[in-house]
>>> print(open('target27.cif').read())   # mmCIF, C-alpha atoms
data_structure
#
loop_
_atom_site.group_PDB
_atom_site.id
_atom_site.type_symbol
_atom_site.label_atom_id
_atom_site.label_comp_id
_atom_site.auth_asym_id
_atom_site.auth_seq_id
_atom_site.Cartn_x
_atom_site.Cartn_y
_atom_site.Cartn_z
ATOM 1 C CA MET A 1 20.899 8.609 3.521
ATOM 2 C CA THR A 2 20.041 12.255 3.990
ATOM 3 C CA SER A 3 16.896 12.613 6.031
ATOM 4 C CA ARG A 4 14.031 13.903 3.938
ATOM 5 C CA GLY A 5 10.889 15.872 4.504
ATOM 6 C CA ALA A 6 7.801 16.417 2.363
ATOM 7 C CA ILE A 7 5.353 19.168 1.492
ATOM 8 C CA GLY A 8 2.005 19.098 -0.245
ATOM 9 C CA ILE A 9 -0.846 21.488 -1.028
ATOM 10 C CA GLY A 10 -4.162 19.709 -1.190
ATOM 11 C CA ILE A 11 -7.908 19.633 -0.717
ATOM 12 C CA ALA A 12 -9.220 18.078 2.504
ATOM 13 C CA SER A 13 -12.754 16.805 3.072
ATOM 14 C CA ILE A 14 -13.780 17.631 6.626
ATOM 15 C CA ALA A 15 -17.052 16.505 8.197
ATOM 16 C CA MET A 16 -19.179 18.854 10.277
ATOM 17 C CA ASP A 17 -17.818 17.387 13.513
ATOM 18 C CA GLY A 18 -14.250 18.098 12.382
ATOM 19 C CA THR A 19 -13.364 14.563 11.270
ATOM 20 C CA VAL A 20 -10.871 14.520 8.394
ATOM 21 C CA LEU A 21 -12.291 12.135 5.796
ATOM 22 C CA ASP A 22 -9.490 12.474 3.251
ATOM 23 C CA THR A 23 -6.895 14.837 1.811
ATOM 24 C CA TRP A 24 -5.850 14.877 -1.838
ATOM 25 C CA TYR A 25 -2.367 16.160 -2.691
ATOM 26 C CA PRO A 26 -2.046 16.398 -6.498
ATOM 27 C CA GLU A 27 1.659 17.382 -6.539
ATOM 28 C CA PRO A 28 3.470 16.272 -3.365
ATOM 29 C CA GLU A 29 7.186 17.059 -3.133
ATOM 30 C CA LEU A 30 10.210 15.900 -1.182
ATOM 31 C CA PHE A 31 12.852 18.215 0.231
ATOM 32 C CA ASP A 32 16.308 17.758 1.691
ATOM 33 C CA ARG A 33 16.159 18.777 5.341
ATOM 34 C CA ALA A 34 19.714 20.084 5.229
ATOM 35 C CA LEU A 35 18.682 22.627 2.571
ATOM 36 C CA TRP A 36 15.185 23.351 3.857
ATOM 37 C CA GLU A 37 14.491 26.863 5.106
ATOM 38 C CA HIS A 38 12.139 26.635 8.059
ATOM 39 C CA SER A 39 10.074 29.677 7.153
ATOM 40 C CA ARG A 40 6.922 27.555 7.334
ATOM 41 C CA SER A 41 5.974 25.528 10.367
ATOM 42 C CA GLN A 42 5.610 21.763 10.320
ATOM 43 C CA GLY A 43 2.073 20.379 10.310
ATOM 44 C CA THR A 44 -1.084 21.318 8.431
ATOM 45 C CA VAL A 45 -2.562 24.797 7.977
ATOM 46 C CA ARG A 46 -5.534 26.044 6.006
ATOM 47 C CA LEU A 47 -4.766 28.233 2.994
ATOM 48 C CA GLY A 48 -6.451 31.373 1.762
ATOM 49 C CA GLY A 49 -7.515 32.049 -1.796
ATOM 50 C CA ARG A 50 -4.398 34.109 -2.585
ATOM 51 C CA GLU A 51 -2.207 31.075 -1.972
ATOM 52 C CA LEU A 52 -4.057 28.835 -4.445
ATOM 53 C CA SER A 53 -4.220 28.410 -8.187
ATOM 54 C CA ALA A 54 -7.577 29.076 -9.826
ATOM 55 C CA ARG A 55 -8.098 25.332 -10.360
ATOM 56 C CA MET A 56 -7.471 24.502 -6.704
ATOM 57 C CA LEU A 57 -9.587 27.427 -5.507
ATOM 58 C CA SER A 58 -12.552 26.112 -7.514
ATOM 59 C CA LEU A 59 -12.541 22.978 -5.313
ATOM 60 C CA VAL A 60 -12.953 24.896 -2.052
ATOM 61 C CA LYS A 61 -16.621 24.715 -1.133
ATOM 62 C CA LEU A 62 -19.267 23.470 1.269
ATOM 63 C CA ASP A 63 -21.030 20.322 0.092
ATOM 64 C CA GLU A 64 -24.329 20.584 1.923
ATOM 65 C CA ASP A 65 -25.599 17.260 0.583
ATOM 66 C CA ARG A 66 -22.642 15.340 2.037
ATOM 67 C CA LEU A 67 -22.371 17.598 5.112
ATOM 68 C CA VAL A 68 -18.697 17.995 4.227
ATOM 69 C CA GLU A 69 -16.516 21.084 3.846
ATOM 70 C CA GLN A 70 -13.758 20.988 1.240
ATOM 71 C CA VAL A 71 -10.855 23.164 2.356
ATOM 72 C CA ALA A 72 -7.404 23.897 0.987
ATOM 73 C CA VAL A 73 -4.474 22.894 3.195
ATOM 74 C CA ARG A 74 -0.702 22.858 3.165
ATOM 75 C CA THR A 75 0.987 19.984 5.004
ATOM 76 C CA ILE A 76 4.691 19.934 5.864
ATOM 77 C CA ILE A 77 6.414 16.854 7.273
ATOM 78 C CA ASP A 78 9.810 17.902 8.577
ATOM 79 C CA ASP A 79 11.220 14.367 8.829
ATOM 80 C CA LEU A 80 9.737 11.287 7.145
ATOM 81 C CA ASP A 81 11.543 9.095 9.685
ATOM 82 C CA ASP A 82 9.189 10.417 12.379
ATOM 83 C CA PRO A 83 5.773 8.728 12.752
ATOM 84 C CA PRO A 84 2.718 10.485 11.294
ATOM 85 C CA VAL A 85 0.830 12.793 13.634
ATOM 86 C CA ASP A 86 -2.633 13.149 12.064
ATOM 87 C CA ALA A 87 -4.768 12.198 9.069
ATOM 88 C CA HIS A 88 -3.359 14.945 6.803
ATOM 89 C CA ASP A 89 0.146 13.710 7.561
ATOM 90 C CA VAL A 90 -0.845 10.110 6.742
ATOM 91 C CA TYR A 91 -2.463 11.088 3.445
ATOM 92 C CA LEU A 92 0.628 12.990 2.332
ATOM 93 C CA ARG A 93 2.772 9.901 3.021
ATOM 94 C CA LEU A 94 0.336 7.678 1.123
ATOM 95 C CA HIS A 95 0.526 10.027 -1.849
ATOM 96 C CA LEU A 96 4.336 10.019 -1.765
ATOM 97 C CA LEU A 97 4.264 6.233 -2.087
ATOM 98 C CA SER A 98 1.728 6.041 -4.901
ATOM 99 C CA HIS A 99 3.461 8.889 -6.780
ATOM 100 C CA ARG A 100 6.676 6.791 -6.537
ATOM 101 C CA LEU A 101 8.533 9.559 -4.730
ATOM 102 C CA VAL A 102 9.490 7.097 -1.974
ATOM 103 C CA ARG A 103 9.539 3.303 -1.880
ATOM 104 C CA PRO A 104 7.879 1.151 0.776
ATOM 105 C CA HIS A 105 9.806 1.197 4.071
ATOM 106 C CA GLU A 106 11.640 4.418 3.159
ATOM 107 C CA LEU A 107 9.366 6.386 5.487
ATOM 108 C CA ASN A 108 7.722 5.822 8.854
ATOM 109 C CA MET A 109 4.124 4.556 8.582
ATOM 110 C CA ASP A 110 3.625 3.555 12.239
ATOM 111 C CA GLY A 111 0.032 3.974 13.434
ATOM 112 C CA THR A 112 -1.312 4.787 9.976
ATOM 113 C CA LEU A 113 -4.716 3.147 10.346
ATOM 114 C CA ASP A 114 -5.208 4.432 13.901
ATOM 115 C CA LEU A 115 -5.045 8.018 12.613
ATOM 116 C CA LEU A 116 -7.664 7.518 9.884
ATOM 117 C CA ALA A 117 -11.444 7.579 10.220
ATOM 118 C CA ASN A 118 -13.726 4.889 8.847
ATOM 119 C CA VAL A 119 -15.277 6.394 5.713
ATOM 120 C CA VAL A 120 -18.044 5.615 3.213
ATOM 121 C CA TRP A 121 -16.287 6.004 -0.151
ATOM 122 C CA THR A 122 -18.759 7.009 -2.879
ATOM 123 C CA ASN A 123 -18.716 8.380 -6.411
ATOM 124 C CA LYS A 124 -19.840 11.712 -4.914
ATOM 125 C CA GLY A 125 -16.960 11.844 -2.462
ATOM 126 C CA PRO A 126 -16.201 10.544 1.053
ATOM 127 C CA CYS A 127 -18.968 10.548 3.668
ATOM 128 C CA GLN A 128 -19.312 9.704 7.336
ATOM 129 C CA PRO A 129 -20.898 6.302 8.076
ATOM 130 C CA GLU A 130 -22.936 7.604 11.026
ATOM 131 C CA ASN A 131 -25.187 9.862 8.945
ATOM 132 C CA PHE A 132 -24.860 8.204 5.571
ATOM 133 C CA GLU A 133 -28.436 7.007 5.093
ATOM 134 C CA TRP A 134 -29.650 10.580 5.582
ATOM 135 C CA VAL A 135 -26.875 11.815 3.259
ATOM 136 C CA ARG A 136 -27.767 9.192 0.662
ATOM 137 C CA THR A 137 -31.266 10.679 0.320
ATOM 138 C CA SER A 138 -29.810 14.151 -0.300
ATOM 139 C CA LEU A 139 -27.262 12.862 -2.787
ATOM 140 C CA ARG A 140 -29.896 11.026 -4.832
ATOM 141 C CA SER A 141 -30.799 14.403 -6.346
ATOM 142 C CA ARG A 142 -27.451 14.188 -8.177
ATOM 143 C CA GLY A 143 -28.155 10.741 -9.598
ATOM 144 C CA LEU A 144 -27.401 7.152 -8.621
ATOM 145 C CA ILE A 145 -25.043 6.746 -5.660
ATOM 146 C CA HIS A 146 -22.265 4.161 -5.901
ATOM 147 C CA VAL A 147 -20.716 3.039 -2.622
ATOM 148 C CA TYR A 148 -17.303 1.545 -3.361
ATOM 149 C CA CYS A 149 -16.486 0.432 0.168
ATOM 150 C CA VAL A 150 -16.584 1.381 3.847
ATOM 151 C CA ASP A 151 -12.986 1.431 5.022
ATOM 152 C CA ARG A 152 -10.188 3.593 6.413
ATOM 153 C CA LEU A 153 -8.245 3.669 3.145
ATOM 154 C CA PRO A 154 -9.575 4.601 -0.309
ATOM 155 C CA ARG A 155 -8.808 3.275 -3.772
ATOM 156 C CA MET A 156 -5.488 4.478 -5.125
ATOM 157 C CA VAL A 157 -6.798 5.370 -8.584
ATOM 158 C CA ASP A 158 -9.194 7.967 -7.146
ATOM 159 C CA TYR A 159 -6.122 9.969 -6.071
ATOM 160 C CA VAL A 160 -3.152 8.769 -8.145
ATOM 161 C CA VAL A 161 -2.888 6.883 -11.445
ATOM 162 C CA PRO A 162 0.787 5.902 -11.885
ATOM 163 C CA SER A 163 2.095 5.684 -15.429
ATOM 164 C CA GLY A 164 2.669 2.358 -17.139
ATOM 165 C CA VAL A 165 0.489 0.103 -14.962
ATOM 166 C CA ARG A 166 -2.617 -2.069 -15.437
ATOM 167 C CA ILE A 167 -5.209 -2.398 -12.664
ATOM 168 C CA SER A 168 -8.212 -4.593 -13.422
ATOM 169 C CA GLU A 169 -10.200 -3.862 -10.244
ATOM 170 C CA ALA A 170 -9.753 -0.407 -8.717
ATOM 171 C CA GLU A 171 -11.042 -1.496 -5.293
ATOM 172 C CA ARG A 172 -8.156 -3.941 -4.899
ATOM 173 C CA VAL A 173 -5.320 -1.403 -4.859
ATOM 174 C CA ARG A 174 -5.209 0.903 -1.852
ATOM 175 C CA LEU A 175 -3.852 4.423 -1.777
ATOM 176 C CA GLY A 176 -0.250 4.104 -0.630
ATOM 177 C CA ALA A 177 0.559 1.182 -2.916
ATOM 178 C CA TYR A 178 3.806 1.511 -4.880
ATOM 179 C CA LEU A 179 3.480 0.093 -8.399
ATOM 180 C CA ALA A 180 6.512 0.197 -10.687
ATOM 181 C CA PRO A 181 6.019 0.773 -14.427
ATOM 182 C CA GLY A 182 5.069 -2.444 -16.213
ATOM 183 C CA THR A 183 3.139 -3.838 -13.242
ATOM 184 C CA SER A 184 -0.201 -5.574 -13.809
ATOM 185 C CA VAL A 185 -2.615 -6.074 -10.914
ATOM 186 C CA LEU A 186 -5.186 -8.453 -12.349
ATOM 187 C CA ARG A 187 -8.768 -8.989 -11.276
ATOM 188 C CA GLU A 188 -8.095 -11.035 -8.132
ATOM 189 C CA GLY A 189 -4.906 -9.200 -7.159
ATOM 190 C CA PHE A 190 -4.695 -6.982 -4.071
ATOM 191 C CA VAL A 191 -1.995 -4.499 -3.043
ATOM 192 C CA SER A 192 -2.143 -2.771 0.348
ATOM 193 C CA PHE A 193 -0.474 0.482 1.401
ATOM 194 C CA ASN A 194 3.298 0.615 1.950
ATOM 195 C CA SER A 195 3.718 -2.414 -0.307
ATOM 196 C CA GLY A 196 4.052 -3.104 -3.996
ATOM 197 C CA THR A 197 6.408 -3.881 -6.871
ATOM 198 C CA LEU A 198 9.960 -2.652 -7.437
ATOM 199 C CA GLY A 199 9.910 -3.567 -11.134
ATOM 200 C CA ALA A 200 7.528 -4.844 -13.783
ATOM 201 C CA ALA A 201 5.594 -7.723 -12.199
ATOM 202 C CA LYS A 202 2.234 -9.509 -12.307
ATOM 203 C CA VAL A 203 0.012 -9.670 -9.229
ATOM 204 C CA GLU A 204 -3.015 -11.981 -9.083
ATOM 205 C CA GLY A 205 -2.694 -12.668 -5.361
ATOM 206 C CA ARG A 206 -2.634 -10.641 -2.153
ATOM 207 C CA LEU A 207 0.236 -8.429 -0.981
ATOM 208 C CA SER A 208 -0.183 -7.313 2.621
ATOM 209 C CA SER A 209 1.193 -4.038 3.905
ATOM 210 C CA GLY A 210 4.961 -4.322 4.199
ATOM 211 C CA VAL A 211 5.548 -6.598 1.184
ATOM 212 C CA VAL A 212 7.658 -5.700 -1.853
ATOM 213 C CA ILE A 213 8.314 -7.957 -4.851
ATOM 214 C CA GLY A 214 11.057 -7.694 -7.425
ATOM 215 C CA GLU A 215 11.089 -7.281 -11.179
ATOM 216 C CA GLY A 216 9.813 -10.175 -13.250
ATOM 217 C CA SER A 217 8.005 -11.896 -10.386
ATOM 218 C CA GLU A 218 4.507 -13.360 -10.750
ATOM 219 C CA ILE A 219 2.136 -13.762 -7.812
ATOM 220 C CA GLY A 220 -0.411 -16.381 -8.864
ATOM 221 C CA LEU A 221 -4.167 -16.506 -8.519
ATOM 222 C CA SER A 222 -5.421 -16.644 -4.898
ATOM 223 C CA SER A 223 -1.890 -16.656 -3.501
ATOM 224 C CA THR A 224 -0.899 -14.668 -0.408
ATOM 225 C CA ILE A 225 2.275 -12.924 0.686
ATOM 226 C CA MET A 226 1.980 -11.608 4.226
ATOM 227 C CA SER A 227 4.602 -9.693 6.177
ATOM 228 C CA PRO A 228 5.271 -10.493 9.852
ATOM 229 C CA ARG A 229 4.295 -8.268 12.771
ATOM 230 C CA ASP A 230 6.349 -7.095 15.730
ATOM 231 C CA GLU A 231 5.240 -7.180 19.366
ATOM 232 C CA LEU A 232 3.244 -3.964 18.809
ATOM 233 C CA ARG A 233 1.402 -5.529 15.836
ATOM 234 C CA ARG A 234 3.231 -3.306 13.347
ATOM 235 C CA ARG A 235 3.980 -4.789 9.932
ATOM 236 C CA LEU A 236 7.658 -5.524 9.302
ATOM 237 C CA PRO A 237 9.358 -5.544 5.878
ATOM 238 C CA LEU A 238 9.131 -8.680 3.751
ATOM 239 C CA SER A 239 10.779 -8.919 0.340
ATOM 240 C CA ILE A 240 10.407 -11.267 -2.594
ATOM 241 C CA GLY A 241 13.269 -11.112 -5.092
ATOM 242 C CA ARG A 242 13.383 -10.903 -8.867
ATOM 243 C CA ASN A 243 11.940 -13.537 -11.208
ATOM 244 C CA CYS A 244 10.030 -15.440 -8.528
ATOM 245 C CA THR A 245 6.760 -17.300 -9.097
ATOM 246 C CA PHE A 246 3.959 -18.251 -6.728
ATOM 247 C CA GLY A 247 1.533 -20.926 -7.910
ATOM 248 C CA VAL A 248 -2.248 -20.925 -7.577
ATOM 249 C CA SER A 249 -3.391 -20.714 -3.919
ATOM 250 C CA SER A 250 0.188 -20.676 -2.680
ATOM 251 C CA GLY A 251 1.713 -18.293 -0.175
ATOM 252 C CA ILE A 252 4.453 -17.309 2.181
ATOM 253 C CA ILE A 253 3.976 -15.727 5.593
ATOM 254 C CA GLY A 254 6.703 -13.889 7.454
ATOM 255 C CA VAL A 255 9.670 -15.155 5.374
ATOM 256 C CA SER A 256 11.641 -13.158 2.809
ATOM 257 C CA VAL A 257 13.196 -14.935 -0.181
ATOM 258 C CA GLY A 258 15.794 -14.041 -2.788
ATOM 259 C CA ASP A 259 15.750 -14.152 -6.585
ATOM 260 C CA ASN A 260 14.534 -17.025 -8.767
ATOM 261 C CA PHE A 261 12.495 -18.600 -5.964
ATOM 262 C CA HIS A 262 9.465 -20.676 -6.966
ATOM 263 C CA ILE A 263 6.592 -22.068 -4.895
ATOM 264 C CA GLY A 264 4.207 -24.614 -6.406
ATOM 265 C CA ASN A 265 0.406 -24.704 -6.349
ATOM 266 C CA ASN A 266 -1.418 -25.035 -3.013
ATOM 267 C CA ILE A 267 1.707 -24.658 -0.860
ATOM 268 C CA VAL A 268 1.594 -22.123 1.977
ATOM 269 C CA LEU A 269 4.787 -21.638 3.966
ATOM 270 C CA ASP A 270 5.720 -19.894 7.189
ATOM 271 C CA ASP A 271 9.014 -19.952 9.099
ATOM 272 C CA GLU A 272 8.070 -23.170 10.921
ATOM 273 C CA THR A 273 6.773 -25.143 7.942
ATOM 274 C CA PRO A 274 8.668 -28.442 7.579
ATOM 275 C CA VAL A 275 10.127 -28.955 4.120
ATOM 276 C CA TRP A 276 11.966 -32.000 2.759
ATOM 277 C CA PHE A 277 15.470 -31.211 1.464
ATOM 278 C CA PRO A 278 16.805 -34.128 -0.635
ATOM 279 C CA GLU A 279 20.166 -32.353 -0.744
ATOM 280 C CA PHE A 280 20.510 -32.767 3.021
ATOM 281 C CA ASP A 281 18.357 -35.902 3.284
ATOM 282 C CA GLU A 282 16.345 -34.371 6.124
ATOM 283 C CA LEU A 283 13.432 -32.151 7.075
ATOM 284 C CA ARG A 284 14.207 -28.520 7.711
ATOM 285 C CA THR A 285 12.026 -25.450 8.137
ATOM 286 C CA VAL A 286 11.697 -22.764 5.489
ATOM 287 C CA LYS A 287 13.602 -20.474 7.857
ATOM 288 C CA ALA A 288 16.736 -22.438 6.881
ATOM 289 C CA ILE A 289 16.751 -20.855 3.414
ATOM 290 C CA GLU A 290 15.297 -17.441 4.243
ATOM 291 C CA GLY A 291 16.666 -14.799 1.896
ATOM 292 C CA GLU A 292 18.323 -17.341 -0.398
ATOM 293 C CA SER A 293 17.951 -17.475 -4.180
ATOM 294 C CA ASN A 294 17.496 -20.291 -6.709
ATOM 295 C CA TRP A 295 15.133 -22.671 -4.936
ATOM 296 C CA ALA A 296 11.932 -24.421 -6.018
ATOM 297 C CA ILE A 297 9.481 -25.796 -3.459
ATOM 298 C CA ARG A 298 6.858 -28.145 -4.876
ATOM 299 C CA ARG A 299 4.840 -31.254 -4.077
ATOM 300 C CA GLU A 300 6.509 -34.525 -5.057
ATOM 301 C CA VAL A 301 5.174 -38.079 -5.030
ATOM 302 C CA GLY A 302 6.336 -39.995 -1.985
ATOM 303 C CA HIS A 303 6.719 -37.019 0.326
ATOM 304 C CA TYR A 304 3.971 -35.622 2.548
ATOM 305 C CA GLU A 305 5.896 -32.388 3.084
ATOM 306 C CA PRO A 306 6.755 -29.990 0.246
ATOM 307 C CA THR A 307 10.139 -30.686 -1.339
ATOM 308 C CA ALA A 308 12.823 -28.027 -1.809
ATOM 309 C CA ARG A 309 15.384 -28.388 -4.602
ATOM 310 C CA ARG A 310 18.093 -26.052 -5.758
ATOM 311 C CA ILE A 311 17.664 -24.826 -9.325
ATOM 312 C CA PRO A 312 20.120 -23.192 -11.737
ATOM 313 C CA PRO A 313 20.418 -19.411 -11.408
ATOM 314 C CA LEU A 314 19.031 -17.287 -14.207
ATOM 315 C CA ASP A 315 21.356 -15.539 -16.652
ATOM 316 C CA GLY A 316 24.412 -16.992 -14.984
ATOM 317 C CA ALA A 317 23.725 -15.166 -11.697
ATOM 318 C CA SER A 318 25.298 -16.622 -8.597
ATOM 319 C CA GLY A 319 23.238 -18.477 -6.013
#
>>> encode(input="target27.cif", output="structure tokens")
Amino acid sequence: MTSRGAIGIGIASIAMDGTVLDTWYPEPELFDRALWEHSRSQGTVRLGGRELSARMLSLVKLDEDRLVEQVAVRTIIDDLDDPPVDAHDVYLRLHLLSHRLVRPHELNMDGTLDLLANVVWTNKGPCQPENFEWVRTSLRSRGLIHVYCVDRLPRMVDYVVPSGVRISEAERVRLGAYLAPGTSVLREGFVSFNSGTLGAAKVEGRLSSGVVIGEGSEIGLSSTIMSPRDELRRRLPLSIGRNCTFGVSSGIIGVSVGDNFHIGNNIVLDDETPVWFPEFDELRTVKAIEGESNWAIRREVGHYEPTARRIPPLDGASG
């Protein structure tokens, strides 16, 4: 695959001590490095009024109530395979994901959270936690203040609203989530950054960073899919195939599965979980069928461990 870069012009919120609270890139773009003319340097630079549209220029201002300066910036990432270097760089990558310009794991997201500040996310814009109670008093002159959360990552819908999706609770989908058209994230669902759906799917459970699920899959209420970590605590890819179902309060940790894979209610599996396989008349771990399709794991009378049985493939697909 040809190595790609990205460019975005956006509005950054910068606190008085220089901390970058966020950067919004309304129209991020990819470019082919082989065709890119390096007339502009990699990294982030501030832009003057002549380089902005009238709409973008109207957003450049000093918000004295929040003690935040809103400035226009241009960020260029020469190679998305390289790790991010600062908060502007991270925000451009998060926008690329939520705009569906790249899929999870198609760009380097190492150290993402370490490069972001902890922020008070409000309906008046991002604020620093350290001075927020003083800021709150100033902001009250504009009306009631809603604090959505105190976190490193904001809500996706405050920056990007992808077409063709349903999101019942905005706080439960982070910027950097990738949601394919037809996806529904219901009230108890949660989708982290660099994770999401590759086709129309229903999410009522939790998808950690690093998880992707295929078309037609349903992640049930209070279920969890969590990707593994490497020795540096970085999230590794974990995939769930097409037409899979996860029952209420079920889950899988650190194990990828193929298509047409079903886990019953109240069953949580990791790679060392013992499972009874009637086909082999023995206990095996879930690791034995990692990546395979056409299995159902459920509770059965007479067996303490969950039971795994092969099931017919859908639409005549092979196992």
>>> closest_residue(input="target27.cif", among="A:Ser208, A:Ser222, A:Ser217, A:Ser53", to="Glu188 (chain A)", atoms="all atoms listed in the file")
A:Ser222
>>> resolve_selection(input="target27.cif", expression="the PyMOL selection byres ((chain A and resi 185) around 6)", output="compact mmCIF listing (two decimals) with C-alpha atoms, in the coordinates of the input")
# COMPACT_ATOMS: atom_id res chain seq x y z
CA ILE A 167 -5.21 -2.40 -12.66
CA SER A 184 -0.20 -5.57 -13.81
CA LEU A 186 -5.19 -8.45 -12.35
CA GLY A 189 -4.91 -9.20 -7.16
CA VAL A 203 0.01 -9.67 -9.23
>>> residues_around(input="target27.cif", residues="Met56 (chain A)", least_positions_apart="6", cutoff="10 Å", atoms="only C-alpha atoms", output="PyMOL selection string")
chain A and resi 9-11+26+49+71-72
>>> resolve_selection(input="target27.cif", expression="the PyMOL selection byres ((chain A and resi 128) around 9)", output="list in words")
Ala15, Thr19, Leu21, Arg66, Leu67, Val68, Ala117, Asn118, Val119, Val120, Trp121, Pro126, Cys127, Pro129, Glu130, Asn131, Phe132 and Val135 of chain A
>>> write_last_selection(input="target27.cif", atoms="C-alpha atoms", output="PDB file, in the coordinates of the input")
ATOM      1  CA  ALA A  15     -17.052  16.505   8.197  1.00  0.00           C
ATOM      2  CA  THR A  19     -13.364  14.563  11.270  1.00  0.00           C
ATOM      3  CA  LEU A  21     -12.291  12.135   5.796  1.00  0.00           C
ATOM      4  CA  ARG A  66     -22.642  15.340   2.037  1.00  0.00           C
ATOM      5  CA  LEU A  67     -22.371  17.598   5.112  1.00  0.00           C
ATOM      6  CA  VAL A  68     -18.697  17.995   4.227  1.00  0.00           C
ATOM      7  CA  ALA A 117     -11.444   7.579  10.220  1.00  0.00           C
ATOM      8  CA  ASN A 118     -13.726   4.889   8.847  1.00  0.00           C
ATOM      9  CA  VAL A 119     -15.277   6.394   5.713  1.00  0.00           C
ATOM     10  CA  VAL A 120     -18.044   5.615   3.213  1.00  0.00           C
ATOM     11  CA  TRP A 121     -16.287   6.004  -0.151  1.00  0.00           C
ATOM     12  CA  PRO A 126     -16.201  10.544   1.053  1.00  0.00           C
ATOM     13  CA  CYS A 127     -18.968  10.548   3.668  1.00  0.00           C
ATOM     14  CA  PRO A 129     -20.898   6.302   8.076  1.00  0.00           C
ATOM     15  CA  GLU A 130     -22.936   7.604  11.026  1.00  0.00           C
ATOM     16  CA  ASN A 131     -25.187   9.862   8.945  1.00  0.00           C
ATOM     17  CA  PHE A 132     -24.860   8.204   5.571  1.00  0.00           C
ATOM     18  CA  VAL A 135     -26.875  11.815   3.259  1.00  0.00           C
TER      19      VAL A 135
END
>>> atom_distance(input="target27.cif", atom1="CA of Ile145 (chain A)", atom2="CA of Val60 (chain A)")
22.1 Å
>>> resolve_selection(input="target27.cif", expression="the PyMOL selection byres ((chain A and resi 198-201) around 6)", output="list of chain:residue names")
A:Ala180, A:Pro181, A:Gly182, A:Thr183, A:Thr197, A:Lys202, A:Gly214, A:Glu215, A:Gly216, A:Ser217, A:Glu218
>>> residues_around(input="target27.cif", residues="Phe277 (chain A)", least_positions_apart="3", cutoff="9 Å", atoms="all atoms listed in the file", output="number ranges by chain")
A: 280-284, 306-309
>>> write_last_selection(input="target27.cif", atoms="C-alpha atoms", output="CSV table (one decimal), in the frame of the given file")
chain,number,residue,atom,x,y,z
A,280,PHE,CA,20.5,-32.8,3.0
A,281,ASP,CA,18.4,-35.9,3.3
A,282,GLU,CA,16.3,-34.4,6.1
A,283,LEU,CA,13.4,-32.2,7.1
A,284,ARG,CA,14.2,-28.5,7.7
A,306,PRO,CA,6.8,-30.0,0.2
A,307,THR,CA,10.1,-30.7,-1.3
A,308,ALA,CA,12.8,-28.0,-1.8
A,309,ARG,CA,15.4,-28.4,-4.6
>>> atom_distance(input="target27.cif", atom1="CA of Val150 (chain A)", atom2="CA of Arg229 (chain A)")
24.7 Å
>>> closest_residue(input="target27.cif", among="A:Ser58, A:Ser209, A:Asn123, A:Ser138", to="Val173 (chain A)", atoms="all atoms listed in the file")
A:Ser209
>>> closest_residue(input="target27.cif", among="A:Val301, A:Val73, A:Leu236, A:Val248", to="Asn265 (chain A)", atoms="all atoms listed in the file")
A:Val248
>>> atom_distance(input="target27.cif", atom1="CA of Asp17 (chain A)", atom2="CA of Leu116 (chain A)")
14.6 Å
>>> closest_residue(input="target27.cif", among="A:Ser98, A:Thr285, A:Ser293, A:Ser141", to="Asn194 (chain A)", atoms="only C-alpha atoms")
A:Ser98
>>> axis_aligned_box(input="target27.cif", around="region 123-132 of chain A", padding_each_side="5 Å", output="JSON")
{"center_x": -20.7, "center_y": 9.1, "center_z": 2.3, "size_x": 19.0, "size_y": 15.5, "size_z": 27.4}
>>> decode(input="target27.cif", residues="region 159-168 of chain A", atoms="N, CA and C atoms", output="mmCIF file, in the first residue's frame")
data_model
loop_
_atom_site.group_PDB
_atom_site.id
_atom_site.type_symbol
_atom_site.label_atom_id
_atom_site.label_comp_id
_atom_site.auth_asym_id
_atom_site.auth_seq_id
_atom_site.Cartn_x
_atom_site.Cartn_y
_atom_site.Cartn_z
ATOM 1 N N TYR A 159 -17.456 17.138 16.806
ATOM 2 C CA TYR A 159 -16.482 17.430 15.765
ATOM 3 C C TYR A 159 -16.872 16.834 14.420
ATOM 4 N N VAL A 160 -17.450 15.643 14.438
ATOM 5 C CA VAL A 160 -17.812 14.925 13.212
ATOM 6 C C VAL A 160 -19.128 14.186 13.450
ATOM 7 N N VAL A 161 -20.068 14.321 12.507
ATOM 8 C CA VAL A 161 -21.286 13.517 12.528
ATOM 9 C C VAL A 161 -21.309 12.718 11.228
ATOM 10 N N PRO A 162 -20.878 11.449 11.253
ATOM 11 C CA PRO A 162 -20.862 10.646 10.029
ATOM 12 C C PRO A 162 -22.277 10.405 9.515
ATOM 13 N N SER A 163 -22.404 10.260 8.219
ATOM 14 C CA SER A 163 -23.719 10.019 7.630
ATOM 15 C C SER A 163 -24.187 8.602 7.913
ATOM 16 N N GLY A 164 -25.511 8.444 8.046
ATOM 17 C CA GLY A 164 -26.114 7.127 8.096
ATOM 18 C C GLY A 164 -25.945 6.370 9.393
ATOM 19 N N VAL A 165 -25.696 7.057 10.515
ATOM 20 C CA VAL A 165 -25.518 6.356 11.787
ATOM 21 C C VAL A 165 -26.533 6.855 12.810
ATOM 22 N N ARG A 166 -26.764 6.023 13.847
ATOM 23 C CA ARG A 166 -27.569 6.409 15.009
ATOM 24 C C ARG A 166 -26.687 6.320 16.244
ATOM 25 N N ILE A 167 -26.734 7.363 17.078
ATOM 26 C CA ILE A 167 -25.967 7.394 18.324
ATOM 27 C C ILE A 167 -26.909 7.895 19.411
ATOM 28 N N SER A 168 -27.256 7.022 20.350
ATOM 29 C CA SER A 168 -28.248 7.393 21.358
ATOM 30 C C SER A 168 -27.677 8.288 22.446
#
